[in-house]
Amino acid sequence: MDEEPERAKRWEGGYERTWEVLKEDESGSLKATVEEILFQAKRKRVFESHGQVRLGMMRHMYVVIDCSRTMEDHDLKPNRLTATLKMMENFVEEYFDQNPISQVGIITTKNKRAEKLTDLAGNPKKHRAALKKAVDTVCVGEPSLYNSLSLAMQTLKHMPGHTSREVLIIFSSLTTCDPASIYEMITTLKSLKIRVSVIGLSAEVRVCTVLTRETGGTYHVILDESHFKELLMFHVKPPPASTSSECSLIRMGFPQHILASLSDQDAKPSFSMAHLDSSSDPGLSLGGYFCPQCQSKYTELPVECKVCGLTLVSAPHLARSFHHLFPLDAFLEKLLEEHHGDRICQGCQGALTDKSVFVCPVCSNVFCVECDLFIHDTLHCCPSCIHRNSAL
């Protein structure tokens, strides 16, 4: 485990003669080179997708946030903690948009201890409220990777085999204070198929390298705030489903929203089961989603019924998760000069001005790079193919 594979470090030649990348055109302008760099950066996001690899639909992820004294550093504005919590709010919203039937929990670690900020849950409002309150956290002491991973493992090890078990650590410190051997913990995590990824805010730490390599996760160190956001959003997309993951039928309920009329004399306001563990004042309401198995009431979906354990979702939630099983093929890149048809993007209807266009391999319609990114990152289906199928 201690043997790290040989690889060139970044300072050992990766950035030699970087000035040769910038080339002037006939007028002495660097604009064409800069546009090419931006274009390649946009395309990189599509190429980094897993293509025709089956991704996990149901995920259980704990995000561990380092709240040690190093989070008070001001290299991220106004400080590391505030910047991290703000990005986490956006991450939670995006995570549940792309993975509506998955769950997230948040753990903080400081002063050699770890504690849960929120339990595993599918309610983004609950997580965002907890993150807003965490801004006032006092950053003290050192973090503990062992205690954080142990706390996450206690819950994740009981998750069913058809779901992915993930831990994402946002690590600011260069040290960790652990009560036992971290390498034994890594072996346990590997046996339980818990995937651990790390985003470093300071510098590369060897124990994090070993941890992510052994559990199949990723490890990146941020360059700046925009790079931090990019790395965080990379974890919105599910990891590839393991070939050894179990396949099983899952019972789900699809409750319809029922709203009683105020004129109905038999209508009685009632509490939502979701308010049982809520610190906020529960509100009485006439309508809601009623579990088809036990008739318990909930105000929003998706949720796991607290009475009978049935997973309650709506059809759109399931449809939004379904694309992970069958990802859209990457469009074929083609030089604009080689394209002989109309030079109009079929997505935004704008003129094709970039040097390359992107062709759907099924319907052969062309798209610009912005629409290509939007289709693969957000829409997950070719609009021209959908239009053609609906017209048949």
# chains A, B, ... in the order shown; residues from 1 in each chain; ligands from 1
>>> select_by_dssp(residues="stretch 113-280 of chain A", states="strand (DSSP E or B)", output="PyMOL selection string")
chain A and resi 113-121+164-171+194-200+219-221+240+252-253+257-258+270
>>> residues_around(residues="A:Leu156", least_positions_apart="5", cutoff="8 Å", atoms="only C-alpha atoms", output="PDB file with C-alpha atoms, in the first residue's frame")
ATOM      1  CA  HIS A  60     -25.276   7.802  -0.714  1.00  0.00           C
ATOM      2  CA  ARG A 165     -21.220   4.496  -1.126  1.00  0.00           C
ATOM      3  CA  ILE A 194     -16.688   2.842   0.017  1.00  0.00           C
TER       4      ILE A 194
END
>>> atom_distance(atom1="atom CA of A:Pro143", atom2="atom CA of A:Glu204")
15.7 Å
>>> closest_residue(among="A:His317, A:Val362, A:Cys348, A:Val303", to="A:Asp329", atoms="only C-alpha atoms")
A:Val362
>>> select_by_dssp(residues="stretch 109-335 of chain A", states="alpha helix (DSSP H)", output="MDAnalysis selection string")
chainID A and resid 124:133 145:156 182:191 206:215 225:234 315:322
>>> atom_distance(atom1="atom CA of A:Pro238", atom2="atom CA of A:Ser102")
10.0 Å
>>> residues_around(residues="A:Glu214", least_positions_apart="4", cutoff="9 Å", atoms="only C-alpha atoms", output="PyMOL selection string")
chain A and resi 1+186-187+189-190+195-196+209-210
>>> write_last_selection(atoms="all heavy atoms", output="CSV table (one decimal), in the first residue's frame")
chain,number,residue,atom,x,y,z
A,1,MET,N,0.8,-1.2,0.0
A,1,MET,CA,0.0,0.0,0.0
A,1,MET,C,0.9,1.3,0.0
A,1,MET,O,0.5,2.3,-0.5
A,1,MET,CB,-0.9,0.0,1.2
A,1,MET,CG,-1.9,1.2,1.3
A,1,MET,SD,-2.9,1.1,2.8
A,1,MET,CE,-3.9,-0.3,2.4
A,186,ILE,N,-8.2,2.5,5.9
A,186,ILE,CA,-8.3,2.4,4.4
A,186,ILE,C,-8.6,1.0,3.9
A,186,ILE,O,-9.4,0.8,3.0
A,186,ILE,CB,-6.9,2.9,3.8
A,186,ILE,CG1,-6.8,4.4,4.1
A,186,ILE,CG2,-6.9,2.6,2.3
A,186,ILE,CD1,-5.4,5.0,3.7
A,187,THR,N,-8.0,0.0,4.6
A,187,THR,CA,-8.3,-1.4,4.2
A,187,THR,C,-9.7,-1.7,4.5
A,187,THR,O,-10.4,-2.4,3.7
A,187,THR,CB,-7.4,-2.3,5.0
A,187,THR,OG1,-6.0,-2.0,4.8
A,187,THR,CG2,-7.6,-3.8,4.6
A,189,LEU,N,-12.3,0.4,4.5
A,189,LEU,CA,-13.1,1.1,3.5
A,189,LEU,C,-13.1,0.4,2.2
A,189,LEU,O,-14.2,0.3,1.5
A,189,LEU,CB,-12.6,2.6,3.4
A,189,LEU,CG,-12.8,3.5,4.6
A,189,LEU,CD1,-12.0,4.8,4.3
A,189,LEU,CD2,-14.2,3.9,4.8
A,190,LYS,N,-12.0,-0.1,1.8
A,190,LYS,CA,-11.8,-0.8,0.5
A,190,LYS,C,-12.7,-2.1,0.6
A,190,LYS,O,-13.3,-2.4,-0.4
A,190,LYS,CB,-10.4,-1.1,0.3
A,190,LYS,CG,-10.1,-1.7,-1.1
A,190,LYS,CD,-8.6,-2.0,-1.3
A,190,LYS,CE,-8.3,-2.5,-2.6
A,190,LYS,NZ,-6.8,-2.8,-2.8
A,195,ARG,N,-16.1,4.4,-1.7
A,195,ARG,CA,-15.2,5.2,-2.5
A,195,ARG,C,-14.9,6.6,-1.9
A,195,ARG,O,-15.8,7.3,-1.6
A,195,ARG,CB,-15.8,5.4,-3.9
A,195,ARG,CG,-15.1,6.3,-4.9
A,195,ARG,CD,-16.1,6.5,-6.1
A,195,ARG,NE,-15.5,7.5,-7.0
A,195,ARG,CZ,-15.0,7.3,-8.1
A,195,ARG,NH1,-14.9,6.0,-8.6
A,195,ARG,NH2,-14.6,8.3,-8.9
A,196,VAL,N,-13.6,6.9,-1.7
A,196,VAL,CA,-13.3,8.2,-1.0
A,196,VAL,C,-12.5,9.1,-2.0
A,196,VAL,O,-11.6,8.6,-2.6
A,196,VAL,CB,-12.4,7.9,0.3
A,196,VAL,CG1,-12.1,9.3,1.0
A,196,VAL,CG2,-13.1,7.0,1.2
A,209,THR,N,-3.3,10.7,-0.9
A,209,THR,CA,-3.0,10.0,-2.2
A,209,THR,C,-3.3,8.5,-2.0
A,209,THR,O,-3.9,7.9,-2.9
A,209,THR,CB,-1.5,10.3,-2.6
A,209,THR,OG1,-1.3,11.7,-2.6
A,209,THR,CG2,-1.2,9.7,-3.9
A,210,VAL,N,-2.8,8.0,-0.9
A,210,VAL,CA,-2.9,6.5,-0.7
A,210,VAL,C,-4.4,6.2,-0.5
A,210,VAL,O,-5.0,5.2,-1.0
A,210,VAL,CB,-2.1,6.1,0.5
A,210,VAL,CG1,-2.4,4.6,0.9
A,210,VAL,CG2,-0.6,6.3,0.3
>>> closest_residue(among="A:Val357, A:Leu379, A:Leu174, A:Leu120", to="A:Arg59", atoms="only C-alpha atoms")
A:Leu120
>>> atom_distance(atom1="atom CA of A:Glu333", atom2="atom CA of A:Cys371")
13.1 Å
>>> closest_residue(among="A:Phe228, A:Glu142, A:Lys112, A:Phe374", to="A:Pro179", atoms="only C-alpha atoms")
A:Lys112
>>> residues_around(residues="A:Tyr289", least_positions_apart="4", cutoff="10 Å", atoms="only C-alpha atoms", output="list in words")
Phe254, Pro255, Gln256, His257, Ile258, Leu259, Ser272, Gln295, Ser296, Lys297, Tyr298, Thr299, Glu300, Leu301, Leu312 and Val313 of chain A
>>> closest_residue(among="A:Lys193, A:Lys355, A:His323, A:Arg80", to="A:Leu335", atoms="only C-alpha atoms")
A:Lys355
>>> residues_around(residues="A:Ala180", least_positions_apart="5", cutoff="10 Å", atoms="only C-alpha atoms", output="VMD selection string")
chain A and resid 146 to 147 185
>>> residues_around(residues="A:Arg128", least_positions_apart="2", cutoff="9 Å", atoms="only C-alpha atoms", output="PDB file with N, CA and C atoms, in the first residue's frame")
ATOM      1  N   MET A  88     -20.560  24.794  -1.315  1.00  0.00           N
ATOM      2  CA  MET A  88     -21.289  23.590  -0.938  1.00  0.00           C
ATOM      3  C   MET A  88     -22.796  23.772  -1.100  1.00  0.00           C
ATOM      4  N   GLU A  89     -23.291  24.982  -0.847  1.00  0.00           N
ATOM      5  CA  GLU A  89     -24.724  25.248  -1.056  1.00  0.00           C
ATOM      6  C   GLU A  89     -25.096  25.035  -2.521  1.00  0.00           C
ATOM      7  N   ASN A  90     -24.253  25.540  -3.423  1.00  0.00           N
ATOM      8  CA  ASN A  90     -24.497  25.350  -4.859  1.00  0.00           C
ATOM      9  C   ASN A  90     -24.355  23.884  -5.245  1.00  0.00           C
ATOM     10  N   VAL A  92     -24.928  21.214  -3.336  1.00  0.00           N
ATOM     11  CA  VAL A  92     -26.094  20.458  -2.859  1.00  0.00           C
ATOM     12  C   VAL A  92     -27.274  20.623  -3.820  1.00  0.00           C
ATOM     13  N   GLU A  93     -27.487  21.861  -4.261  1.00  0.00           N
ATOM     14  CA  GLU A  93     -28.598  22.123  -5.185  1.00  0.00           C
ATOM     15  C   GLU A  93     -28.402  21.387  -6.503  1.00  0.00           C
ATOM     16  N   PRO A 124     -32.743  18.851   0.071  1.00  0.00           N
ATOM     17  CA  PRO A 124     -31.695  19.868  -0.089  1.00  0.00           C
ATOM     18  C   PRO A 124     -31.883  21.080   0.824  1.00  0.00           C
ATOM     19  N   LYS A 125     -33.142  21.418   1.164  1.00  0.00           N
ATOM     20  CA  LYS A 125     -33.383  22.581   2.028  1.00  0.00           C
ATOM     21  C   LYS A 125     -32.745  22.394   3.400  1.00  0.00           C
ATOM     22  N   LYS A 126     -32.818  21.180   3.915  1.00  0.00           N
ATOM     23  CA  LYS A 126     -32.250  20.870   5.223  1.00  0.00           C
ATOM     24  C   LYS A 126     -30.738  21.075   5.218  1.00  0.00           C
ATOM     25  N   ALA A 130     -28.407  24.062   7.152  1.00  0.00           N
ATOM     26  CA  ALA A 130     -27.301  23.704   8.057  1.00  0.00           C
ATOM     27  C   ALA A 130     -26.002  24.366   7.616  1.00  0.00           C
ATOM     28  N   LEU A 131     -25.772  24.464   6.304  1.00  0.00           N
ATOM     29  CA  LEU A 131     -24.554  25.094   5.793  1.00  0.00           C
ATOM     30  C   LEU A 131     -24.543  26.594   6.074  1.00  0.00           C
ATOM     31  N   LYS A 132     -25.715  27.234   5.987  1.00  0.00           N
ATOM     32  CA  LYS A 132     -25.795  28.663   6.300  1.00  0.00           C
ATOM     33  C   LYS A 132     -25.443  28.922   7.770  1.00  0.00           C
ATOM     34  N   LYS A 133     -25.914  28.034   8.661  1.00  0.00           N
ATOM     35  CA  LYS A 133     -25.618  28.204  10.085  1.00  0.00           C
ATOM     36  C   LYS A 133     -24.144  27.923  10.390  1.00  0.00           C
TER      37      LYS A 133
END
